[in-house]
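The file model-v2.txt contains compact mmCIF, N, CA, C and O atoms:
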```txt
# COMPACT_ATOMS: atom_id res chain seq x y z
N MET A 287 7.70 -16.71 -6.10
CA MET A 287 7.09 -15.64 -5.34
C MET A 287 7.18 -14.34 -6.14
O MET A 287 6.19 -13.60 -6.21
N GLN A 288 8.32 -14.07 -6.73
CA GLN A 288 8.48 -12.84 -7.49
C GLN A 288 7.55 -12.81 -8.70
O GLN A 288 6.88 -11.80 -8.96
N ARG A 289 7.49 -13.91 -9.44
CA ARG A 289 6.62 -13.94 -10.62
C ARG A 289 5.16 -13.79 -10.26
O ARG A 289 4.40 -13.12 -10.97
N ILE A 290 4.75 -14.40 -9.17
CA ILE A 290 3.35 -14.29 -8.73
C ILE A 290 3.03 -12.84 -8.39
O ILE A 290 1.99 -12.31 -8.81
N MET A 291 3.91 -12.18 -7.67
CA MET A 291 3.65 -10.79 -7.30
C MET A 291 3.67 -9.88 -8.52
O MET A 291 2.86 -8.96 -8.63
N GLN A 292 4.57 -10.12 -9.46
CA GLN A 292 4.62 -9.28 -10.66
C GLN A 292 3.39 -9.47 -11.53
O GLN A 292 2.91 -8.53 -12.14
N ARG A 293 2.88 -10.68 -11.59
CA ARG A 293 1.73 -10.96 -12.44
C ARG A 293 0.40 -10.59 -11.78
O ARG A 293 -0.49 -10.07 -12.41
N HIS A 294 0.27 -10.87 -10.49
CA HIS A 294 -1.03 -10.77 -9.82
C HIS A 294 -1.18 -9.56 -8.90
O HIS A 294 -2.29 -9.25 -8.48
N CYS A 295 -0.11 -8.90 -8.57
CA CYS A 295 -0.19 -7.75 -7.65
C CYS A 295 0.61 -6.58 -8.22
O CYS A 295 1.37 -5.93 -7.51
N ALA A 296 0.43 -6.33 -9.49
CA ALA A 296 1.17 -5.26 -10.17
C ALA A 296 0.48 -3.91 -9.92
O ALA A 296 -0.44 -3.81 -9.11
N VAL A 297 0.91 -2.90 -10.62
CA VAL A 297 0.36 -1.56 -10.42
C VAL A 297 -1.11 -1.51 -10.81
O VAL A 297 -1.94 -0.99 -10.07
N PHE A 298 -1.47 -2.06 -11.96
CA PHE A 298 -2.86 -2.11 -12.38
C PHE A 298 -3.38 -3.51 -12.11
O PHE A 298 -2.83 -4.49 -12.62
N ARG A 299 -4.42 -3.61 -11.29
CA ARG A 299 -4.89 -4.93 -10.85
C ARG A 299 -6.39 -4.90 -10.63
O ARG A 299 -7.00 -3.84 -10.56
N ASP A 300 -6.97 -6.08 -10.49
CA ASP A 300 -8.38 -6.18 -10.14
C ASP A 300 -8.56 -7.30 -9.11
O ASP A 300 -7.64 -8.07 -8.85
N GLY A 301 -9.73 -7.35 -8.53
CA GLY A 301 -10.01 -8.28 -7.43
C GLY A 301 -9.77 -9.74 -7.77
O GLY A 301 -9.06 -10.44 -7.03
N PRO A 302 -10.34 -10.25 -8.87
CA PRO A 302 -10.12 -11.66 -9.20
C PRO A 302 -8.66 -12.01 -9.42
O PRO A 302 -8.20 -13.09 -9.04
N LEU A 303 -7.91 -11.12 -10.03
CA LEU A 303 -6.48 -11.36 -10.25
C LEU A 303 -5.73 -11.42 -8.92
O LEU A 303 -4.87 -12.28 -8.72
N LEU A 304 -6.07 -10.54 -8.00
CA LEU A 304 -5.44 -10.56 -6.68
C LEU A 304 -5.78 -11.83 -5.92
O LEU A 304 -4.92 -12.43 -5.27
N GLU A 305 -7.04 -12.27 -5.98
CA GLU A 305 -7.46 -13.49 -5.29
C GLU A 305 -6.72 -14.71 -5.85
O GLU A 305 -6.30 -15.59 -5.10
N GLU A 306 -6.56 -14.76 -7.17
CA GLU A 306 -5.81 -15.85 -7.80
C GLU A 306 -4.36 -15.83 -7.33
O GLU A 306 -3.77 -16.86 -7.02
N GLY A 307 -3.77 -14.64 -7.26
CA GLY A 307 -2.40 -14.51 -6.79
C GLY A 307 -2.25 -14.96 -5.35
O GLY A 307 -1.26 -15.60 -4.99
N LEU A 308 -3.25 -14.64 -4.52
CA LEU A 308 -3.20 -15.06 -3.11
C LEU A 308 -3.22 -16.58 -3.00
O LEU A 308 -2.46 -17.16 -2.23
N ARG A 309 -4.06 -17.23 -3.79
CA ARG A 309 -4.12 -18.70 -3.76
C ARG A 309 -2.78 -19.30 -4.20
O ARG A 309 -2.27 -20.22 -3.56
N LYS A 310 -2.21 -18.77 -5.27
CA LYS A 310 -0.92 -19.27 -5.76
C LYS A 310 0.19 -19.02 -4.75
O LYS A 310 1.06 -19.87 -4.53
N LEU A 311 0.15 -17.85 -4.14
CA LEU A 311 1.17 -17.51 -3.15
C LEU A 311 1.06 -18.41 -1.92
O LEU A 311 2.08 -18.85 -1.39
N ASP A 312 -0.15 -18.70 -1.48
CA ASP A 312 -0.33 -19.62 -0.35
C ASP A 312 0.25 -20.99 -0.67
O ASP A 312 0.88 -21.62 0.19
N ASP A 313 0.06 -21.46 -1.91
CA ASP A 313 0.62 -22.75 -2.32
C ASP A 313 2.15 -22.72 -2.29
O ASP A 313 2.79 -23.66 -1.80
N VAL A 314 2.74 -21.65 -2.79
CA VAL A 314 4.20 -21.52 -2.80
C VAL A 314 4.74 -21.48 -1.37
O VAL A 314 5.71 -22.17 -1.04
N ILE A 315 4.12 -20.71 -0.53
CA ILE A 315 4.59 -20.59 0.86
C ILE A 315 4.48 -21.93 1.58
O ILE A 315 5.39 -22.35 2.29
N GLU A 316 3.37 -22.63 1.38
CA GLU A 316 3.19 -23.93 2.01
C GLU A 316 4.25 -24.92 1.54
O GLU A 316 4.85 -25.64 2.34
N THR A 317 4.52 -24.93 0.24
CA THR A 317 5.53 -25.83 -0.31
C THR A 317 6.92 -25.48 0.21
O THR A 317 7.68 -26.37 0.62
N MET A 318 7.25 -24.20 0.20
CA MET A 318 8.58 -23.78 0.65
C MET A 318 8.79 -24.08 2.14
O MET A 318 9.86 -24.55 2.52
N ARG A 319 7.79 -23.83 2.95
CA ARG A 319 7.95 -24.10 4.38
C ARG A 319 8.06 -25.59 4.67
O ARG A 319 8.75 -25.99 5.60
N ALA A 320 7.37 -26.42 3.87
CA ALA A 320 7.45 -27.87 4.07
C ALA A 320 8.79 -28.43 3.61
O ALA A 320 9.31 -29.36 4.21
N ASP A 321 9.35 -27.85 2.54
CA ASP A 321 10.57 -28.39 1.95
C ASP A 321 11.85 -27.72 2.43
O ASP A 321 12.94 -28.24 2.17
N LEU A 322 11.76 -26.60 3.10
CA LEU A 322 12.95 -25.85 3.48
C LEU A 322 13.69 -26.53 4.62
O LEU A 322 13.11 -26.90 5.63
N SER A 323 14.97 -26.72 4.42
CA SER A 323 15.82 -27.27 5.48
C SER A 323 17.21 -26.68 5.32
O SER A 323 17.59 -26.21 4.25
N GLY A 324 17.94 -26.71 6.39
CA GLY A 324 19.30 -26.17 6.36
C GLY A 324 20.31 -27.24 6.70
O GLY A 324 20.10 -28.06 7.59
N ALA A 325 21.42 -27.23 5.98
CA ALA A 325 22.47 -28.22 6.23
C ALA A 325 23.56 -27.66 7.14
O ALA A 325 24.30 -28.41 7.74
N ASP A 326 23.63 -26.35 7.23
CA ASP A 326 24.67 -25.69 8.04
C ASP A 326 24.25 -25.71 9.50
O ASP A 326 23.23 -25.16 9.88
N ARG A 327 25.03 -26.36 10.34
CA ARG A 327 24.71 -26.48 11.76
C ARG A 327 25.69 -25.69 12.65
O ARG A 327 25.70 -25.86 13.85
N SER A 328 26.50 -24.84 12.03
CA SER A 328 27.49 -24.10 12.82
C SER A 328 26.82 -23.09 13.72
O SER A 328 25.74 -22.58 13.43
N MET A 329 27.45 -22.79 14.81
CA MET A 329 26.91 -21.86 15.79
C MET A 329 27.48 -20.46 15.62
O MET A 329 26.99 -19.52 16.22
N ILE A 330 28.55 -20.30 14.84
CA ILE A 330 29.20 -19.01 14.72
C ILE A 330 28.55 -18.16 13.63
O ILE A 330 28.04 -17.09 13.89
N PHE A 331 28.57 -18.62 12.41
CA PHE A 331 27.92 -17.89 11.32
C PHE A 331 27.17 -18.90 10.48
O PHE A 331 27.75 -19.60 9.65
N ASN A 332 25.89 -18.99 10.69
CA ASN A 332 25.06 -19.98 10.01
C ASN A 332 24.38 -19.30 8.83
O ASN A 332 23.35 -18.64 8.98
N ALA A 333 24.95 -19.46 7.64
CA ALA A 333 24.42 -18.81 6.44
C ALA A 333 23.04 -19.36 6.09
O ALA A 333 22.16 -18.60 5.66
N ASP A 334 22.82 -20.66 6.26
CA ASP A 334 21.52 -21.24 5.95
C ASP A 334 20.42 -20.65 6.82
O ASP A 334 19.33 -20.34 6.34
N LEU A 335 20.71 -20.49 8.08
CA LEU A 335 19.73 -19.91 8.99
C LEU A 335 19.43 -18.46 8.61
O LEU A 335 18.27 -18.04 8.59
N GLY A 336 20.47 -17.70 8.30
CA GLY A 336 20.27 -16.30 7.89
C GLY A 336 19.40 -16.20 6.64
O GLY A 336 18.48 -15.37 6.57
N GLU A 337 19.66 -17.04 5.66
CA GLU A 337 18.86 -17.01 4.44
C GLU A 337 17.43 -17.48 4.68
O GLU A 337 16.49 -16.95 4.10
N ALA A 338 17.26 -18.46 5.55
CA ALA A 338 15.91 -18.93 5.88
C ALA A 338 15.12 -17.83 6.59
O ALA A 338 13.92 -17.65 6.32
N LEU A 339 15.77 -17.09 7.47
CA LEU A 339 15.09 -15.98 8.15
C LEU A 339 14.73 -14.86 7.18
O LEU A 339 13.66 -14.27 7.27
N GLU A 340 15.61 -14.59 6.23
CA GLU A 340 15.31 -13.58 5.20
C GLU A 340 14.13 -14.02 4.34
O GLU A 340 13.25 -13.22 4.01
N LEU A 341 14.10 -15.30 3.97
CA LEU A 341 13.00 -15.83 3.17
C LEU A 341 11.69 -15.74 3.95
O LEU A 341 10.65 -15.36 3.40
N ASP A 342 11.72 -16.07 5.22
CA ASP A 342 10.52 -15.97 6.05
C ASP A 342 10.04 -14.53 6.14
O ASP A 342 8.83 -14.27 6.10
N ASN A 343 10.95 -13.59 6.23
CA ASN A 343 10.59 -12.18 6.24
C ASN A 343 9.95 -11.77 4.91
O ASN A 343 8.97 -11.02 4.89
N MET A 344 10.50 -12.28 3.79
CA MET A 344 9.90 -11.98 2.49
C MET A 344 8.49 -12.55 2.40
O MET A 344 7.59 -11.91 1.86
N PHE A 345 8.28 -13.76 2.93
CA PHE A 345 6.93 -14.33 2.95
C PHE A 345 5.97 -13.40 3.68
O PHE A 345 4.87 -13.13 3.22
N ALA A 346 6.40 -12.92 4.84
CA ALA A 346 5.55 -12.03 5.62
C ALA A 346 5.24 -10.73 4.87
O ALA A 346 4.09 -10.28 4.84
N GLN A 347 6.24 -10.14 4.24
CA GLN A 347 6.04 -8.89 3.51
C GLN A 347 5.12 -9.07 2.30
O GLN A 347 4.27 -8.23 2.01
N VAL A 348 5.30 -10.18 1.60
CA VAL A 348 4.47 -10.45 0.43
C VAL A 348 3.02 -10.67 0.86
O VAL A 348 2.09 -10.18 0.22
N CYS A 349 2.82 -11.40 1.95
CA CYS A 349 1.46 -11.63 2.45
C CYS A 349 0.79 -10.32 2.84
O CYS A 349 -0.38 -10.09 2.52
N VAL A 350 1.50 -9.45 3.52
CA VAL A 350 0.95 -8.15 3.89
C VAL A 350 0.60 -7.35 2.64
O VAL A 350 -0.47 -6.75 2.54
N SER A 351 1.49 -7.37 1.65
CA SER A 351 1.25 -6.60 0.42
C SER A 351 0.00 -7.07 -0.31
O SER A 351 -0.85 -6.26 -0.69
N ILE A 352 -0.13 -8.36 -0.50
CA ILE A 352 -1.26 -8.85 -1.29
C ILE A 352 -2.57 -8.76 -0.52
O ILE A 352 -3.61 -8.42 -1.08
N HIS A 353 -2.55 -9.03 0.79
CA HIS A 353 -3.77 -8.87 1.59
C HIS A 353 -4.19 -7.41 1.65
O HIS A 353 -5.39 -7.10 1.60
N SER A 354 -3.24 -6.51 1.76
CA SER A 354 -3.57 -5.08 1.77
C SER A 354 -4.15 -4.64 0.44
O SER A 354 -5.09 -3.85 0.39
N ALA A 355 -3.60 -5.16 -0.65
CA ALA A 355 -4.10 -4.81 -1.98
C ALA A 355 -5.52 -5.32 -2.18
O ALA A 355 -6.35 -4.66 -2.81
N ILE A 356 -5.82 -6.49 -1.65
CA ILE A 356 -7.18 -7.03 -1.75
C ILE A 356 -8.15 -6.17 -0.95
O ILE A 356 -9.26 -5.87 -1.40
N GLY A 357 -7.74 -5.76 0.23
CA GLY A 357 -8.62 -4.96 1.09
C GLY A 357 -8.79 -3.52 0.64
O GLY A 357 -9.78 -2.87 0.97
N ARG A 358 -7.85 -3.02 -0.14
CA ARG A 358 -7.89 -1.62 -0.58
C ARG A 358 -8.51 -1.59 -1.98
O ARG A 358 -7.87 -1.93 -2.96
N THR A 359 -9.75 -1.16 -2.06
CA THR A 359 -10.46 -1.21 -3.34
C THR A 359 -10.41 0.10 -4.12
O THR A 359 -10.88 0.15 -5.24
N GLU A 360 -9.88 1.16 -3.52
CA GLU A 360 -9.79 2.42 -4.24
C GLU A 360 -8.43 2.54 -4.93
O GLU A 360 -7.51 1.79 -4.62
N SER A 361 -8.33 3.45 -5.84
CA SER A 361 -7.04 3.74 -6.47
C SER A 361 -6.31 4.75 -5.60
O SER A 361 -6.89 5.73 -5.16
N ARG A 362 -5.05 4.48 -5.33
CA ARG A 362 -4.27 5.36 -4.47
C ARG A 362 -2.85 5.46 -5.00
O ARG A 362 -2.19 4.45 -5.21
N GLY A 363 -2.38 6.67 -5.20
CA GLY A 363 -1.02 6.86 -5.67
C GLY A 363 -0.80 6.22 -7.02
O GLY A 363 -1.57 6.40 -7.94
N ALA A 364 0.24 5.41 -7.12
CA ALA A 364 0.57 4.77 -8.38
C ALA A 364 -0.19 3.47 -8.59
O ALA A 364 -0.14 2.90 -9.66
N HIS A 365 -0.88 2.97 -7.56
CA HIS A 365 -1.57 1.69 -7.66
C HIS A 365 -3.04 1.92 -7.95
O HIS A 365 -3.70 2.72 -7.30
N ALA A 366 -3.56 1.20 -8.92
CA ALA A 366 -4.94 1.42 -9.36
C ALA A 366 -5.69 0.11 -9.44
O ALA A 366 -5.18 -0.87 -9.99
N ARG A 367 -6.88 0.10 -8.88
CA ARG A 367 -7.79 -1.04 -9.04
C ARG A 367 -8.62 -0.77 -10.28
O ARG A 367 -9.34 0.22 -10.36
N GLU A 368 -8.52 -1.63 -11.26
CA GLU A 368 -9.18 -1.38 -12.54
C GLU A 368 -10.69 -1.48 -12.47
O GLU A 368 -11.40 -0.73 -13.11
N GLU A 369 -11.23 -2.42 -11.67
CA GLU A 369 -12.67 -2.61 -11.68
C GLU A 369 -13.43 -1.59 -10.83
O GLU A 369 -14.62 -1.44 -10.98
N LEU A 370 -12.76 -0.88 -9.95
CA LEU A 370 -13.42 0.07 -9.05
C LEU A 370 -12.74 1.42 -9.08
O LEU A 370 -12.49 2.03 -8.06
N SER A 371 -12.42 1.92 -10.26
CA SER A 371 -11.63 3.15 -10.36
C SER A 371 -12.40 4.39 -9.92
O SER A 371 -11.80 5.41 -9.63
N GLU A 372 -13.72 4.36 -9.85
CA GLU A 372 -14.50 5.53 -9.47
C GLU A 372 -14.52 5.74 -7.95
O GLU A 372 -14.74 6.83 -7.47
N GLU A 373 -14.31 4.71 -7.21
CA GLU A 373 -14.38 4.81 -5.76
C GLU A 373 -13.11 5.49 -5.23
O GLU A 373 -12.01 5.07 -5.53
N ARG A 374 -13.27 6.50 -4.40
CA ARG A 374 -12.11 7.28 -3.97
C ARG A 374 -11.92 7.32 -2.45
O ARG A 374 -11.16 8.13 -1.96
N ARG A 375 -12.59 6.46 -1.71
CA ARG A 375 -12.41 6.55 -0.27
C ARG A 375 -11.13 5.84 0.13
O ARG A 375 -10.73 4.87 -0.48
N CYS A 376 -10.45 6.37 1.12
CA CYS A 376 -9.18 5.80 1.57
C CYS A 376 -9.39 4.97 2.82
O CYS A 376 -10.17 5.34 3.69
N LYS A 377 -8.68 3.88 2.91
CA LYS A 377 -8.71 3.02 4.07
C LYS A 377 -7.31 2.94 4.66
O LYS A 377 -6.34 2.95 3.93
N LEU A 378 -7.24 2.83 5.96
CA LEU A 378 -5.96 2.63 6.62
C LEU A 378 -5.63 1.15 6.61
O LEU A 378 -6.46 0.33 6.96
N THR A 379 -4.45 0.83 6.19
CA THR A 379 -4.02 -0.56 6.16
C THR A 379 -3.11 -0.81 7.35
O THR A 379 -2.10 -0.13 7.52
N GLN A 380 -3.50 -1.76 8.19
CA GLN A 380 -2.69 -2.12 9.34
C GLN A 380 -2.31 -3.58 9.22
O GLN A 380 -3.11 -4.41 8.82
N ALA A 381 -1.10 -3.88 9.58
CA ALA A 381 -0.62 -5.26 9.52
C ALA A 381 -0.03 -5.64 10.87
O ALA A 381 0.70 -4.86 11.48
N TYR A 382 -0.34 -6.83 11.31
CA TYR A 382 0.20 -7.35 12.55
C TYR A 382 0.90 -8.67 12.26
O TYR A 382 0.35 -9.50 11.55
N PRO A 383 2.09 -8.88 12.79
CA PRO A 383 2.79 -10.14 12.52
C PRO A 383 2.05 -11.30 13.18
O PRO A 383 1.46 -11.15 14.25
N LEU A 384 2.08 -12.44 12.50
CA LEU A 384 1.48 -13.64 13.06
C LEU A 384 2.51 -14.30 13.95
O LEU A 384 3.60 -14.67 13.52
N LEU A 385 2.18 -14.45 15.22
CA LEU A 385 3.14 -15.03 16.14
C LEU A 385 3.20 -16.54 16.02
O LEU A 385 4.25 -17.14 16.16
N ALA A 386 2.08 -17.18 15.78
CA ALA A 386 2.05 -18.64 15.66
C ALA A 386 1.82 -19.01 14.21
O ALA A 386 0.74 -18.84 13.68
N ARG A 387 2.86 -19.46 13.55
CA ARG A 387 2.73 -19.85 12.14
C ARG A 387 2.73 -21.32 12.02
O ARG A 387 3.44 -22.07 12.39
```
Would it be possible to restate this file's structure as structure tokens?
Amino acid sequence: MQRIMQRHCAVFRDGPLLEEGLRKLDDVIETMRADLSGADRSMIFNADLGEALELDNMFAQVCVSIHSAIGRTESRGAHAREELSEERRCKLTQAYPLLAR
């Protein structure tokens, strides 16, 4: 997940690179969700469950980041779209959590 984001959703990016990153990220998330399991069944402090919840949160944040980057075609702040650098209109990015995954 980290390598995909560093390569495909870096500061300088373009549309095709972002789309490729989204496809790769979807594959990683699908694989991780299918293969993820926890061996710790304790009810007091379940480290496996805590780490799984953190990983799920990272999946959500990464998905919001890359989808927002795809939808935002102008250059803003430190992030620049290389193929559309002349366009300067700003869009509001809103994200809503998916309740049914």
Hey, which bits of segment 327-367 of chain A sit within 8 Å of segment 308-315 of chain A, and for each residue what's the closest pair of atoms and how far apart in Å (one decimal), counting all atoms listed in the file, rows by chain and increasing number, as a Markdown table?
```
| residue | atom | partner | partner_atom | distance |
| --- | --- | --- | --- | --- |
| A:Phe345 | CA | A:Ile315 | CA | 7.0 |
| A:Val348 | O | A:Leu308 | CA | 7.9 |
| A:Ile352 | CA | A:Leu308 | CA | 6.8 |
| A:His353 | N | A:Leu308 | CA | 7.2 |
```
### Local residues around (-0.7, -8.4, -10.2), at most 6 Å away, using all atoms listed in the file, as a ChimeraX atom specification
/A:290-299,303
### Message
Rounded to one decimal, what separation in Å do you get between atom CA of Ala355 of chain A and atom CA of Glu306 of chain A?
### Response
12.6 Å
### Query
Could you work out how far atom CA of Ala333 of chain A lies from atom CA of Cys349 of chain A, giving the answer in Å with one decimal?
24.4 Å
### Task
May I ask for the distance between atom C of Val350 of chain A and atom O of Gly307 of chain A, given in Å to one decimal place?
11.4 Å
Residues near Ile356 of chain A, cut-off 8 Å, all atoms listed in the file, skip fewer than 5 positions along chain, as an mmCIF file with N, CA, C and O atoms, in the coordinates of the input:
```cif
data_model
loop_
_atom_site.group_PDB
_atom_site.id
_atom_site.type_symbol
_atom_site.label_atom_id
_atom_site.label_comp_id
_atom_site.auth_asym_id
_atom_site.auth_seq_id
_atom_site.Cartn_x
_atom_site.Cartn_y
_atom_site.Cartn_z
ATOM 1 N N ASP A 300 -6.970 -6.080 -10.490
ATOM 2 C CA ASP A 300 -8.380 -6.180 -10.140
ATOM 3 C C ASP A 300 -8.560 -7.300 -9.110
ATOM 4 O O ASP A 300 -7.640 -8.070 -8.850
ATOM 5 N N GLY A 301 -9.730 -7.350 -8.530
ATOM 6 C CA GLY A 301 -10.010 -8.280 -7.430
ATOM 7 C C GLY A 301 -9.770 -9.740 -7.770
ATOM 8 O O GLY A 301 -9.060 -10.440 -7.030
ATOM 9 N N LEU A 304 -6.070 -10.540 -8.000
ATOM 10 C CA LEU A 304 -5.440 -10.560 -6.680
ATOM 11 C C LEU A 304 -5.780 -11.830 -5.920
ATOM 12 O O LEU A 304 -4.920 -12.430 -5.270
ATOM 13 N N GLU A 305 -7.040 -12.270 -5.980
ATOM 14 C CA GLU A 305 -7.460 -13.490 -5.290
ATOM 15 C C GLU A 305 -6.720 -14.710 -5.850
ATOM 16 O O GLU A 305 -6.300 -15.590 -5.100
ATOM 17 N N CYS A 349 2.820 -11.400 1.950
ATOM 18 C CA CYS A 349 1.460 -11.630 2.450
ATOM 19 C C CYS A 349 0.790 -10.320 2.840
ATOM 20 O O CYS A 349 -0.380 -10.090 2.520
ATOM 21 N N VAL A 350 1.500 -9.450 3.520
ATOM 22 C CA VAL A 350 0.950 -8.150 3.890
ATOM 23 C C VAL A 350 0.600 -7.350 2.640
ATOM 24 O O VAL A 350 -0.470 -6.750 2.540
ATOM 25 N N SER A 351 1.490 -7.370 1.650
ATOM 26 C CA SER A 351 1.250 -6.600 0.420
ATOM 27 C C SER A 351 0.000 -7.070 -0.310
ATOM 28 O O SER A 351 -0.850 -6.260 -0.690
#
```
